[in-house]
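K.L.:
model.txt is the file, holding compact mmCIF, C-alpha atoms:
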```txt
# COMPACT_ATOMS: atom_id res chain seq x y z
CA MET A 1 17.52 -53.38 70.33
CA LEU A 2 20.07 -52.03 67.86
CA ASP A 3 20.26 -48.89 69.94
CA ILE A 4 21.15 -50.90 73.05
CA LEU A 5 23.81 -52.87 71.17
CA LEU A 6 25.34 -49.66 69.81
CA SER A 7 25.30 -47.95 73.20
CA LEU A 8 26.91 -50.99 74.79
CA LEU A 9 29.67 -51.09 72.17
CA VAL A 10 30.35 -47.35 72.45
CA LEU A 11 30.43 -47.49 76.23
CA THR A 12 32.68 -50.59 76.36
CA GLY A 13 34.99 -49.05 73.78
CA ALA A 14 35.32 -45.73 75.58
CA GLY A 15 35.67 -47.56 78.90
CA PHE A 16 38.57 -49.68 77.67
CA THR A 17 40.27 -46.65 76.13
CA PHE A 18 39.96 -44.92 79.51
CA VAL A 19 41.26 -47.92 81.46
CA GLY A 20 44.23 -48.35 79.11
CA SER A 21 45.34 -44.76 79.62
CA LEU A 22 44.64 -45.01 83.34
CA GLY A 23 47.07 -47.93 83.43
CA LEU A 24 49.61 -45.74 81.68
CA LEU A 25 49.28 -43.22 84.47
CA ARG A 26 48.87 -45.53 87.42
CA LEU A 27 51.25 -48.47 87.12
CA ARG A 28 54.71 -48.22 88.53
CA ASP A 29 57.33 -49.24 86.01
CA PHE A 30 57.67 -48.95 82.25
CA TYR A 31 57.19 -52.62 81.45
CA THR A 32 53.92 -52.92 83.36
CA ARG A 33 52.69 -49.63 81.86
CA LEU A 34 53.20 -51.16 78.43
CA HIS A 35 50.34 -53.63 79.04
CA GLY A 36 47.54 -51.05 79.33
CA PRO A 37 47.83 -49.35 75.92
CA THR A 38 48.66 -52.53 73.97
CA LYS A 39 45.70 -54.55 75.15
CA ALA A 40 42.96 -52.47 76.73
CA THR A 41 43.21 -49.41 74.47
CA THR A 42 43.45 -51.51 71.32
CA LEU A 43 40.33 -53.48 72.21
CA GLY A 44 38.58 -50.24 73.19
CA VAL A 45 39.21 -48.62 69.82
CA GLY A 46 38.26 -51.92 68.17
CA CYS A 47 34.87 -51.82 69.96
CA LEU A 48 34.30 -48.21 68.86
CA LEU A 49 35.14 -49.10 65.26
CA VAL A 50 32.71 -52.03 65.29
CA ALA A 51 30.07 -49.66 66.69
CA SER A 52 30.81 -47.21 63.87
CA SER A 53 30.55 -50.00 61.29
CA VAL A 54 27.18 -51.13 62.68
CA TYR A 55 25.92 -47.53 62.90
CA PHE A 56 26.76 -46.56 59.32
CA SER A 57 25.66 -49.94 57.92
CA THR A 58 22.21 -49.48 59.43
CA HIS A 59 21.80 -45.72 58.88
CA HIS A 60 23.38 -45.37 55.45
CA THR A 61 24.76 -48.07 53.20
CA LEU A 62 26.84 -51.10 54.16
CA SER A 63 30.09 -49.81 55.62
CA LEU A 64 32.92 -52.23 56.26
CA HIS A 65 36.03 -50.09 55.96
CA GLU A 66 36.22 -49.76 59.74
CA ILE A 67 37.47 -53.35 59.68
CA LEU A 68 40.56 -52.00 57.94
CA VAL A 69 41.52 -49.72 60.84
CA THR A 70 40.68 -52.44 63.37
CA LEU A 71 42.94 -54.92 61.59
CA PHE A 72 45.64 -52.29 61.23
CA LEU A 73 45.54 -51.44 64.94
CA PHE A 74 45.56 -55.09 66.01
CA MET A 75 48.57 -55.74 63.79
CA THR A 76 50.58 -52.67 64.77
CA ALA A 77 49.92 -52.43 68.53
CA PRO A 78 52.03 -55.51 69.40
CA VAL A 79 54.79 -54.43 67.02
CA SER A 80 55.15 -50.99 68.60
CA ALA A 81 54.95 -52.53 72.09
CA HIS A 82 57.72 -54.96 71.18
CA LEU A 83 59.93 -52.18 69.78
CA LEU A 84 59.30 -49.96 72.81
CA ALA A 85 60.19 -52.78 75.19
CA LYS A 86 63.33 -53.52 73.20
CA ALA A 87 64.34 -49.86 73.29
CA ALA A 88 63.69 -49.72 77.04
CA LEU A 89 65.84 -52.82 77.64
CA HIS A 90 68.55 -51.29 75.49
CA LEU A 91 68.52 -48.12 77.58
CA GLY A 92 68.35 -50.08 80.85
CA VAL A 93 65.08 -48.54 82.05
CA LYS A 94 64.25 -49.33 85.69
CA SER A 95 62.18 -52.49 86.06
CA LEU A 96 60.30 -53.94 89.03
CA ALA A 97 60.95 -57.47 87.78
CA PRO A 98 64.53 -58.79 87.64
CA VAL A 99 65.83 -58.42 84.07
CA PRO A 100 67.25 -61.66 82.59
CA PRO A 101 70.96 -61.41 81.67
CA ALA A 102 70.26 -61.99 77.96
CA ALA A 103 68.13 -58.84 77.92
CA GLY A 104 70.06 -56.53 80.20
CA PRO A 105 72.73 -54.00 79.23
CA GLY A 106 75.63 -56.39 79.81
CA PRO A 107 78.37 -58.04 77.76
CA ASP A 108 75.95 -60.55 76.19
CA GLY A 109 72.76 -58.50 76.40
CA ILE A 110 71.32 -56.20 73.76
CA GLY A 111 72.81 -53.24 75.60
CA LYS A 112 76.22 -53.94 74.09
CA PRO A 113 77.26 -51.42 71.44
CA LYS A 114 76.49 -52.52 67.90
CA PRO A 115 79.49 -52.80 65.60
CA MET B 116 19.85 -44.22 74.48
CA LEU B 117 22.81 -43.67 72.16
CA ASN B 118 22.36 -39.93 72.67
CA THR B 119 22.85 -40.25 76.41
CA VAL B 120 25.78 -42.64 76.09
CA ILE B 121 27.86 -40.59 73.66
CA PRO B 122 28.59 -37.65 76.07
CA ILE B 123 29.77 -40.19 78.67
CA ALA B 124 32.02 -41.77 76.05
CA TYR B 125 33.40 -38.32 75.16
CA ALA B 126 34.22 -37.72 78.82
CA LEU B 127 35.96 -41.09 79.17
CA VAL B 128 38.06 -40.51 76.04
CA ALA B 129 38.90 -36.98 77.22
CA PHE B 130 40.22 -38.38 80.50
CA ALA B 131 42.21 -40.95 78.51
CA PHE B 132 43.76 -38.02 76.61
CA LEU B 133 44.60 -36.29 79.88
CA PHE B 134 46.27 -39.39 81.38
CA SER B 135 48.36 -40.08 78.28
CA PHE B 136 49.34 -36.43 78.11
CA ILE B 137 50.48 -36.46 81.75
CA ARG B 138 52.64 -39.51 80.97
CA LEU B 139 54.04 -37.70 77.93
CA ILE B 140 54.99 -34.68 80.06
CA VAL B 141 56.19 -36.47 83.22
CA GLY B 142 58.21 -39.17 81.53
CA PRO B 143 60.41 -40.06 83.41
CA ASN B 144 62.38 -41.42 80.45
CA ALA B 145 62.26 -41.56 76.68
CA PRO B 146 60.39 -44.89 76.17
CA ASP B 147 57.70 -43.71 78.60
CA ARG B 148 57.21 -40.52 76.63
CA ILE B 149 57.02 -42.40 73.34
CA LEU B 150 54.46 -44.76 74.86
CA GLY B 151 52.43 -41.73 75.97
CA LEU B 152 52.59 -40.27 72.47
CA ASP B 153 51.60 -43.59 70.89
CA THR B 154 48.62 -43.85 73.24
CA LEU B 155 47.64 -40.28 72.35
CA TYR B 156 47.53 -41.29 68.68
CA VAL B 157 45.29 -44.29 69.42
CA ASN B 158 43.07 -42.09 71.62
CA THR B 159 42.75 -39.66 68.72
CA VAL B 160 41.52 -42.51 66.51
CA ALA B 161 38.94 -43.32 69.20
CA LEU B 162 37.83 -39.68 69.41
CA LEU B 163 37.48 -39.34 65.62
CA VAL B 164 35.43 -42.53 65.37
CA LEU B 165 33.21 -41.27 68.18
CA LEU B 166 32.80 -37.92 66.40
CA GLY B 167 31.87 -39.79 63.22
CA ILE B 168 29.10 -41.68 65.04
CA ASP B 169 27.90 -38.55 66.86
CA LEU B 170 27.71 -36.34 63.77
CA GLY B 171 26.62 -39.17 61.48
CA ASN B 172 29.33 -38.30 59.01
CA PRO B 173 31.60 -41.07 57.66
CA ILE B 174 34.23 -38.57 56.46
CA TYR B 175 36.03 -38.63 59.83
CA PHE B 176 36.99 -42.21 59.16
CA GLU B 177 39.62 -41.25 56.57
CA ALA B 178 41.33 -38.99 59.12
CA ALA B 179 41.26 -41.81 61.68
CA LEU B 180 42.92 -44.20 59.22
CA LEU B 181 45.67 -41.70 58.37
CA ILE B 182 46.33 -40.87 62.03
CA ALA B 183 46.56 -44.58 62.91
CA MET B 184 49.16 -45.06 60.17
CA MET B 185 51.18 -41.95 61.01
CA GLY B 186 51.16 -42.89 64.69
CA PHE B 187 52.58 -46.32 63.97
CA VAL B 188 55.29 -45.01 61.64
CA GLY B 189 56.22 -42.30 64.16
CA THR B 190 56.49 -44.76 67.04
CA VAL B 191 58.62 -47.16 65.01
CA ALA B 192 60.92 -44.35 63.88
CA LEU B 193 61.37 -43.05 67.44
CA CYS B 194 62.07 -46.56 68.79
CA LYS B 195 64.54 -47.19 66.02
CA TYR B 196 66.27 -43.95 66.93
CA LEU B 197 66.54 -45.02 70.58
CA LEU B 198 67.86 -48.45 69.60
CA ARG B 199 70.39 -47.40 66.98
CA GLY B 200 70.89 -43.66 67.35
CA ASP B 201 69.86 -43.38 63.72
CA ILE B 202 66.66 -43.83 61.73
CA ILE B 203 67.83 -44.58 58.22
CA GLU B 204 71.20 -46.28 58.12
CA MET C 205 53.31 -69.14 36.59
CA LYS C 206 55.51 -68.69 39.61
CA ARG C 207 57.17 -65.66 38.03
CA LEU C 208 53.97 -64.10 36.79
CA LEU C 209 51.97 -64.62 39.97
CA PRO C 210 54.53 -64.83 42.80
CA HIS C 211 52.15 -64.67 45.77
CA PRO C 212 48.55 -65.70 45.04
CA VAL C 213 47.46 -65.31 48.68
CA LEU C 214 48.86 -61.78 48.84
CA THR C 215 47.01 -60.94 45.62
CA LEU C 216 43.68 -61.95 47.12
CA VAL C 217 44.42 -60.12 50.38
CA LEU C 218 45.35 -56.92 48.54
CA ALA C 219 42.20 -57.10 46.39
CA ALA C 220 40.07 -57.51 49.53
CA LEU C 221 41.89 -54.61 51.21
CA TRP C 222 41.23 -52.40 48.18
CA LEU C 223 37.53 -53.22 48.25
CA LEU C 224 37.40 -52.41 51.98
CA LEU C 225 39.30 -49.17 51.46
CA VAL C 226 36.99 -47.79 48.77
CA ASN C 227 34.04 -49.18 50.75
CA THR C 228 32.03 -50.07 47.64
CA PHE C 229 31.62 -53.43 45.96
CA THR C 230 31.35 -53.03 42.19
CA ALA C 231 32.78 -55.07 39.32
CA GLY C 232 35.03 -52.16 38.36
CA HIS C 233 36.60 -51.88 41.79
CA LEU C 234 36.97 -55.66 41.98
CA MET C 235 38.93 -55.58 38.71
CA LEU C 236 41.05 -52.64 39.92
CA GLY C 237 41.70 -54.43 43.22
CA LEU C 238 42.78 -57.61 41.46
CA LEU C 239 44.99 -55.58 39.12
CA LEU C 240 46.66 -53.86 42.08
CA GLY C 241 46.89 -57.20 43.89
CA TRP C 242 48.74 -58.62 40.91
CA LEU C 243 50.89 -55.57 40.17
CA ILE C 244 52.21 -54.89 43.67
CA PRO C 245 53.55 -58.42 44.44
CA PHE C 246 54.90 -58.61 40.87
CA ALA C 247 56.78 -55.32 41.20
CA THR C 248 58.09 -56.05 44.70
CA ALA C 249 58.76 -59.79 44.25
CA SER C 250 62.45 -59.38 45.09
CA LEU C 251 61.51 -58.08 48.55
CA TRP C 252 59.56 -61.25 49.40
CA PRO C 253 61.91 -64.13 48.70
CA GLN C 254 60.04 -66.77 50.71
CA SER C 255 56.63 -67.88 49.63
CA VAL C 256 54.08 -68.43 52.37
CA CYS C 257 52.72 -71.89 52.88
CA ILE C 258 49.45 -72.35 54.71
CA ARG C 259 48.21 -75.82 55.59
CA ASN C 260 45.34 -76.96 57.78
CA LEU C 261 42.75 -74.29 57.06
CA PRO C 262 40.42 -75.56 59.86
CA THR C 263 43.29 -75.23 62.35
CA LEU C 264 43.89 -71.67 61.11
CA LEU C 265 40.23 -70.73 61.62
CA ARG C 266 40.19 -72.31 65.07
CA TYR C 267 43.41 -70.47 65.93
CA VAL C 268 41.88 -67.12 64.90
CA ALA C 269 38.79 -67.84 67.03
CA VAL C 270 40.94 -68.77 70.06
CA VAL C 271 43.02 -65.60 69.66
CA VAL C 272 39.98 -63.31 69.37
CA TYR C 273 38.47 -64.92 72.47
CA ASP C 274 41.76 -64.50 74.35
CA ILE C 275 42.10 -60.86 73.29
CA VAL C 276 38.71 -60.02 74.81
CA LEU C 277 39.44 -62.07 77.92
CA GLY C 278 42.94 -60.62 78.19
CA SER C 279 41.69 -57.05 78.03
CA PHE C 280 39.20 -57.68 80.82
CA ARG C 281 41.96 -59.24 82.93
CA VAL C 282 44.35 -56.35 82.30
CA ALA C 283 41.57 -53.85 83.03
CA ARG C 284 40.89 -55.56 86.35
CA LEU C 285 44.58 -55.55 87.26
CA ILE C 286 44.90 -51.85 86.37
CA LEU C 287 41.87 -50.93 88.47
CA GLY C 288 43.12 -53.09 91.36
CA ARG C 289 46.08 -52.31 93.58
CA PRO C 290 49.21 -51.68 91.48
CA ALA C 291 51.45 -52.59 94.41
CA SER C 292 50.15 -56.14 94.50
CA LEU C 293 51.18 -56.94 90.91
CA ARG C 294 53.86 -59.57 90.42
CA PRO C 295 55.57 -58.65 87.12
CA ALA C 296 58.25 -60.98 85.76
CA PHE C 297 60.35 -61.68 82.70
CA VAL C 298 59.89 -65.24 81.45
CA THR C 299 61.90 -66.99 78.75
CA VAL C 300 59.91 -69.10 76.29
CA PRO C 301 62.00 -71.57 74.26
CA LEU C 302 60.83 -71.64 70.64
CA GLU C 303 60.25 -74.63 68.40
CA LEU C 304 59.11 -72.50 65.47
CA ARG C 305 61.72 -71.84 62.81
CA THR C 306 60.16 -69.66 60.12
CA ASP C 307 60.18 -65.89 60.59
CA LEU C 308 56.49 -65.48 59.79
CA ALA C 309 55.40 -68.02 62.40
CA ILE C 310 57.69 -66.49 65.05
CA SER C 311 56.41 -62.97 64.44
CA LEU C 312 52.81 -64.16 64.53
CA LEU C 313 53.50 -65.91 67.84
CA ALA C 314 55.11 -62.77 69.26
CA ASN C 315 52.15 -60.64 68.17
CA THR C 316 49.68 -63.14 69.62
CA ILE C 317 51.53 -63.18 72.94
CA SER C 318 51.42 -59.38 73.10
CA LEU C 319 47.68 -59.26 72.52
CA THR C 320 46.63 -62.04 74.90
CA PRO C 321 46.24 -62.13 78.70
CA GLY C 322 48.84 -60.24 80.68
CA THR C 323 51.91 -60.86 78.51
CA VAL C 324 53.97 -58.72 76.13
CA SER C 325 56.75 -60.21 74.02
CA VAL C 326 59.88 -58.19 74.72
CA LEU C 327 62.90 -59.66 73.00
CA LEU C 328 63.74 -62.37 70.50
CA SER C 329 67.15 -63.93 71.14
CA GLU C 330 69.73 -63.41 68.45
CA ASP C 331 69.67 -67.06 67.33
CA HIS C 332 65.82 -66.98 67.16
CA ARG C 333 65.54 -69.87 69.61
CA SER C 334 63.88 -68.19 72.56
CA LEU C 335 61.54 -65.31 73.23
CA ILE C 336 61.61 -63.20 76.39
CA VAL C 337 58.11 -62.33 77.57
CA HIS C 338 57.10 -59.77 80.19
CA SER C 339 54.14 -60.84 82.25
CA LEU C 340 52.03 -58.37 84.23
CA ASP C 341 50.97 -60.71 87.00
CA THR C 342 52.78 -64.03 87.15
CA GLY C 343 51.47 -66.91 89.19
CA ASP C 344 53.63 -69.78 88.01
CA ALA C 345 56.09 -69.21 85.18
CA THR C 346 56.32 -72.84 84.02
CA THR C 347 52.56 -73.29 83.58
CA MET C 348 52.46 -69.96 81.70
CA VAL C 349 55.17 -71.13 79.29
CA ALA C 350 53.42 -74.50 78.88
CA GLU C 351 50.14 -72.76 78.09
CA ILE C 352 51.73 -70.46 75.49
CA LYS C 353 53.40 -73.45 73.82
CA HIS C 354 50.27 -75.58 73.85
CA ARG C 355 47.73 -72.90 73.00
CA TYR C 356 49.53 -70.82 70.38
CA GLU C 357 52.79 -72.39 69.28
CA ALA C 358 51.48 -75.87 68.42
CA PRO C 359 48.73 -74.67 66.02
CA LEU C 360 51.11 -72.16 64.39
CA LYS C 361 53.59 -74.97 63.83
CA ALA C 362 50.87 -77.09 62.24
CA ILE C 363 49.70 -74.25 60.01
CA PHE C 364 52.94 -72.73 58.74
CA GLU C 365 55.63 -75.34 59.12
CA SER C 366 54.19 -78.57 57.77
CA CYS C 367 55.43 -78.25 54.21
```
Can you dump the structure from the file as structure tokens?
P.N.:
Amino acid sequence: MLDILLSLLVLTGAGFTFVGSLGLLRLRDFYTRLHGPTKATTLGVGCLLVASSVYFSTHHTLSLHEILVTLFLFMTAPVSAHLLAKAALHLGVKSLAPVPPAAGPGPDGIGKPKP
Amino acid sequence: MLNTVIPIAYALVAFAFLFSFIRLIVGPNAPDRILGLDTLYVNTVALLVLLGIDLGNPIYFEAALLIAMMGFVGTVALCKYLLRGDIIE
Amino acid sequence: MKRLLPHPVLTLVLAALWLLLVNTFTAGHLMLGLLLGWLIPFATASLWPQSVCIRNLPTLLRYVAVVVYDIVLGSFRVARLILGRPASLRPAFVTVPLELRTDLAISLLANTISLTPGTVSVLLSEDHRSLIVHSLDTGDATTMVAEIKHRYEAPLKAIFESC
């Protein structure tokens, strides 16, 4: 029973990690590529960490420090995605969706040179 | 059952490495490369956790924690450089 | 009291983090964790001028549950979109007007948006009154904005901005 749960968690985790990176390769503009690693990969690694926690808690002593990395990843993934998107807007990276004027490199967008 | 699943998981993570690495090499622009690098870091965390389960050794966890932190700091510093042309003002 | 213990919540969080980091639960480590949890906010108090106010604990717990559920759901949705045909995606930038005013609540909302189905928060306007969101596959922008406001913004407002 535990074995099945562990296998399922490991497989889901690795699967999501794979799909996240596949999105990075496959999608067609930077902003859509951003979605794969922030969501799928983060959940994938989260699943693997939960599997690790369950594995060590049942085979050795109670092990909860995997929660630390999971929390850390779930807090940092959106922050780095936000910063990357901001940097891409600043540089005027090609986008499939029309970029709103407040975000584009124009007189009132973030592309204007900082004083 | 875990013993049959872990090689499959290794293969999936290895392909994830390959895809992120291709994105890192091909670009076509700086944010794309940084995103590829960031994903490589997260994939490394996944691989280390998997190794820890496979070898039954909790020591790999410390490395995973450090790599997760370094990856985040690196990504933020690179983005900051792209945004401002400077890291520490 | 306020000077000696500037952030009681942060103290407890740091103590819990210490216990998780050393991965053992003993009285000694609990004491060390509490000591660190007191020392760090005390030494860095000038970096955290605002104190955090949390009201409505049940709302907070329900919010966490909703977000965890949406993260799992969102990852499955994104995985399906990635494995589908990339050419059929309808990406769009959508502007979400904000009612939240505190920095903490706004950053939590932005993080939540990035982790949940098909959306990544991209840019906060300079006056902090609207958030630009990139959506991977947009059906109807107005219902998406309404859902974000109803599902995430309203509880955050109740938790962090009612005192």
K.L.:
Determine, counting only C-alpha atoms, every residue of protein, DNA or RNA that lies within 12 Å of (57.4, -40.0, 82.1) in the file coordinates, then give the result as a JSON list (two decimals) with C-alpha atoms, in the coordinates of the input.
P.N.:
```json
[["chain", "number", "residue", "atom", "x", "y", "z"],
["A", 24, "LEU", "CA", 49.61, -45.74, 81.68],
["A", 25, "LEU", "CA", 49.28, -43.22, 84.47],
["A", 26, "ARG", "CA", 48.87, -45.53, 87.42],
["A", 27, "LEU", "CA", 51.25, -48.47, 87.12],
["A", 28, "ARG", "CA", 54.71, -48.22, 88.53],
["A", 29, "ASP", "CA", 57.33, -49.24, 86.01],
["A", 30, "PHE", "CA", 57.67, -48.95, 82.25],
["A", 33, "ARG", "CA", 52.69, -49.63, 81.86],
["A", 93, "VAL", "CA", 65.08, -48.54, 82.05],
["B", 134, "PHE", "CA", 46.27, -39.39, 81.38],
["B", 135, "SER", "CA", 48.36, -40.08, 78.28],
["B", 136, "PHE", "CA", 49.34, -36.43, 78.11],
["B", 137, "ILE", "CA", 50.48, -36.46, 81.75],
["B", 138, "ARG", "CA", 52.64, -39.51, 80.97],
["B", 139, "LEU", "CA", 54.04, -37.70, 77.93],
["B", 140, "ILE", "CA", 54.99, -34.68, 80.06],
["B", 141, "VAL", "CA", 56.19, -36.47, 83.22],
["B", 142, "GLY", "CA", 58.21, -39.17, 81.53],
["B", 143, "PRO", "CA", 60.41, -40.06, 83.41],
["B", 144, "ASN", "CA", 62.38, -41.42, 80.45],
["B", 145, "ALA", "CA", 62.26, -41.56, 76.68],
["B", 146, "PRO", "CA", 60.39, -44.89, 76.17],
["B", 147, "ASP", "CA", 57.70, -43.71, 78.60],
["B", 148, "ARG", "CA", 57.21, -40.52, 76.63],
["B", 149, "ILE", "CA", 57.02, -42.40, 73.34],
["B", 150, "LEU", "CA", 54.46, -44.76, 74.86],
["B", 151, "GLY", "CA", 52.43, -41.73, 75.97],
["B", 152, "LEU", "CA", 52.59, -40.27, 72.47]]
```
K.L.:
With all atoms listed in the file as the basis for distance, which of A:Ala87, A:Leu6, A:Val19, A:Cys47 is at the shortest distance from Tyr196 in chain B?
P.N.:
A:Ala87
K.L.:
Could you jot down the CA of Ala220 in chain C to CA of Leu240 in chain C separation for me, Å, one decimal place?
P.N.:
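Atom-to-atom, CA of Ala220 in chain C and CA of Leu240 in chain C are spaced 10.6 Å apart.
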K.L.:
Would you mind listing what lies within 9 Å of Phe187 in chain B as a PyMOL selection string, with all atoms listed in the file counted and same-chain residues fewer than 4 positions away left out?
P.N.:
(chain A and resi 73+76-77+79-80) or (chain B and resi 153+156+182-183+191-192)
K.L.:
Of the candidates C:Gly288, C:Leu236, C:Ser329, C:Glu357, which shows the shortest atom-to-atom distance to Leu313 in chain C, using only C-alpha atoms?
P.N.:
C:Glu357
K.L.:
Quick one: pull the distance between CA of His60 in chain A and CA of Ile168 in chain B, Å, one decimal.
P.N.:
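Between CA of His60 in chain A and CA of Ile168 in chain B the gap works out to 11.8 Å.
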K.L.:
Expressed in Å to a single decimal, how great is the separation between CA of Val282 in chain C and CA of Ile317 in chain C?
P.N.:
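Between these atoms lies a distance of 13.6 Å.
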K.L.:
Any chance you could tabulate, as a tab-separated table, the residues of chain B at most 6 Å from chain A with each one's nearest atom pair and distance in Å to one decimal, using only C-alpha atoms, in chain and rising number order?
P.N.:
```
residue	atom	partner	partner_atom	distance
B:Leu117	CA	A:Ser7	CA	5.1
B:Ala124	CA	A:Ala14	CA	5.2
B:Leu127	CA	A:Phe18	CA	5.5
B:Val128	CA	A:Ala14	CA	5.9
B:Ala131	CA	A:Phe18	CA	4.7
B:Phe134	CA	A:Ser21	CA	5.7
B:Ser135	CA	A:Ser21	CA	5.7
B:Pro146	CA	A:Ala88	CA	5.9
B:Ala161	CA	A:Val45	CA	5.3
B:Ile168	CA	A:Ser52	CA	5.9
B:Leu180	CA	A:Val69	CA	5.9
B:Cys194	CA	A:Leu84	CA	5.9
B:Leu197	CA	A:Ala87	CA	6.0
B:Leu198	CA	A:Ala87	CA	5.3
```
K.L.:
Looking at all atoms listed in the file, which of C:Asn315, C:Thr248, C:Gln254, C:Thr299 is the one that sits closest to Ser334 in chain C?
P.N.:
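Of C:Asn315, C:Thr248, C:Gln254, C:Thr299, the one nearest Ser334 in chain C, counting all atoms listed in the file, is C:Thr299.
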